[in-house]
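Data block below; observations after.
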Amino acid sequence: MRKTKFIITIVISLIGMLHVALTPMLHGATPTVADIWFASFGLMLMFLAFLNYTLMNVAQNPTKLFVLGHIANVLTALMVAVLLTLALYPHIILILVLLVVETVLLLHTHLTATPSVARAAQRG
């Protein structure tokens, strides 16, 4: 499962890099506000991939960092879902599927790594 999360993170990062690299080619030399939003979406994907990579490789279990990562994943997935209602394209569907799968996998990892208070109380 760790390898799956890593591959998904790399793919999301590559899509973000491609997004930024294609901005000048697709939108011309003089950027508009729409062009900047297009490029910033790619930057956001790269930042999210970096955050998820950090969450996967953290040695301890800092709950605050995990909460920030989960919030970032959920908000990004929601934003892409809203974008999908406006522009139904296969690459946007792919990004949404990757984000949802990565969010679920990271939540599963965090929940299985952090025993609940109720389970700890039953043992003690």
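Labels for the structure tokens follow display order: chains A, B, ..., residues from 1 in each chain, ligands from 1.
Residues with any atom within 10 Å of A:Leu43, counting only C-alpha atoms and excluding same-chain neighbours fewer than 5 positions away, are Ser13, Ile15, Gly16, Met17, Leu18, His19, Val20, Trp37, Phe38, Leu48 and Ala49 of chain A.
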Take the residues that were just selected and, keeping C-alpha atoms, output them as a CSV table (one decimal), in the first residue's frame.
```csv
chain,number,residue,atom,x,y,z
A,13,SER,CA,3.1,15.9,-8.8
A,15,ILE,CA,0.4,16.3,-13.5
A,16,GLY,CA,1.1,19.5,-11.6
A,17,MET,CA,4.4,20.0,-13.3
A,18,LEU,CA,2.9,19.4,-16.7
A,19,HIS,CA,0.2,21.9,-15.9
A,20,VAL,CA,2.7,24.6,-15.1
A,37,TRP,CA,-5.2,30.4,-12.3
A,38,PHE,CA,-4.4,27.6,-14.7
A,48,LEU,CA,-0.2,18.8,-2.3
A,49,ALA,CA,2.0,16.0,-3.6
```
With a cut-off of 10 Å, could you pull out the residues of stretch 51-94 of chain A touching stretch 6-10 of chain A and give me the nearest pair of atoms for each, distance in Å to one decimal, using only C-alpha atoms, ordered by chain and ascending number, as a tab-separated table?
```
residue	atom	partner	partner_atom	distance
A:Leu51	CA	A:Thr9	CA	9.4
A:Asn52	CA	A:Thr9	CA	6.9
A:Tyr53	CA	A:Thr9	CA	6.7
A:Met56	CA	A:Phe6	CA	8.0
A:Asn57	CA	A:Phe6	CA	10.0
```
A:Leu65: which residues within 10 Å, counting only C-alpha atoms, same-chain residues fewer than 6 positions away excluded, as a VMD selection string?
-> chain A and resid 51 54 to 55 58 71
Between A:Met1, A:Val33, A:Leu68, A:Ile92, which has the minimum distance to A:Val80 (counting only C-alpha atoms)?
->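 So, comparing all the options, the nearest one is A:Ile92.
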In Å, rounded to a single decimal, give me how far atom CA of A:Ala39 is from atom CA of A:Val97.
->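 We find that atom CA of A:Val97 and atom CA of A:Ala39 lie 20.7 Å from each other.
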Using atom CA of A:Gly69 and atom CA of A:Ile36 as the two end points, give the distance in Å to one decimal.
-> 24.6 Å
Pick out each residue of stretch 24-115 of chain A that DSSP on the backbone tags as alpha helix (DSSP H); I need them as a PyMOL selection string.
-> chain A and resi 24-27+33-57+63-86+90-113
For stretch 101-107 of chain A, work out the shell of residues within 7 Å, counting only C-alpha atoms and skipping chain neighbours fewer than 3 positions away, then give it as JSON, numbers by chain.
-> {"A": [5, 8, 70, 73, 74, 97, 98, 110, 111]}
Resulting file, chosen residues, C-alpha atoms, as a PDB file, in the first residue's frame:
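Written output follows (selection-v9.pdb):
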```
ATOM      1  CA  LYS A   5       0.520   5.913  -2.223  1.00  0.00           C
ATOM      2  CA  ILE A   8      -0.123   8.223  -6.804  1.00  0.00           C
ATOM      3  CA  HIS A  70      -6.290  15.495   5.401  1.00  0.00           C
ATOM      4  CA  ASN A  73      -6.592  16.524   0.465  1.00  0.00           C
ATOM      5  CA  VAL A  74     -10.327  16.865   1.081  1.00  0.00           C
ATOM      6  CA  VAL A  97      -9.896   9.731  -8.871  1.00  0.00           C
ATOM      7  CA  LEU A  98      -6.219   9.992  -7.880  1.00  0.00           C
ATOM      8  CA  HIS A 110      -3.467   7.492   9.861  1.00  0.00           C
ATOM      9  CA  LEU A 111      -6.433   5.760  11.467  1.00  0.00           C
TER      10      LEU A 111
END
```
Enter the distance from atom CA of A:Leu14 to atom CA of A:Gly42, in Å, rounded to one decimal.
-> 9.1 Å
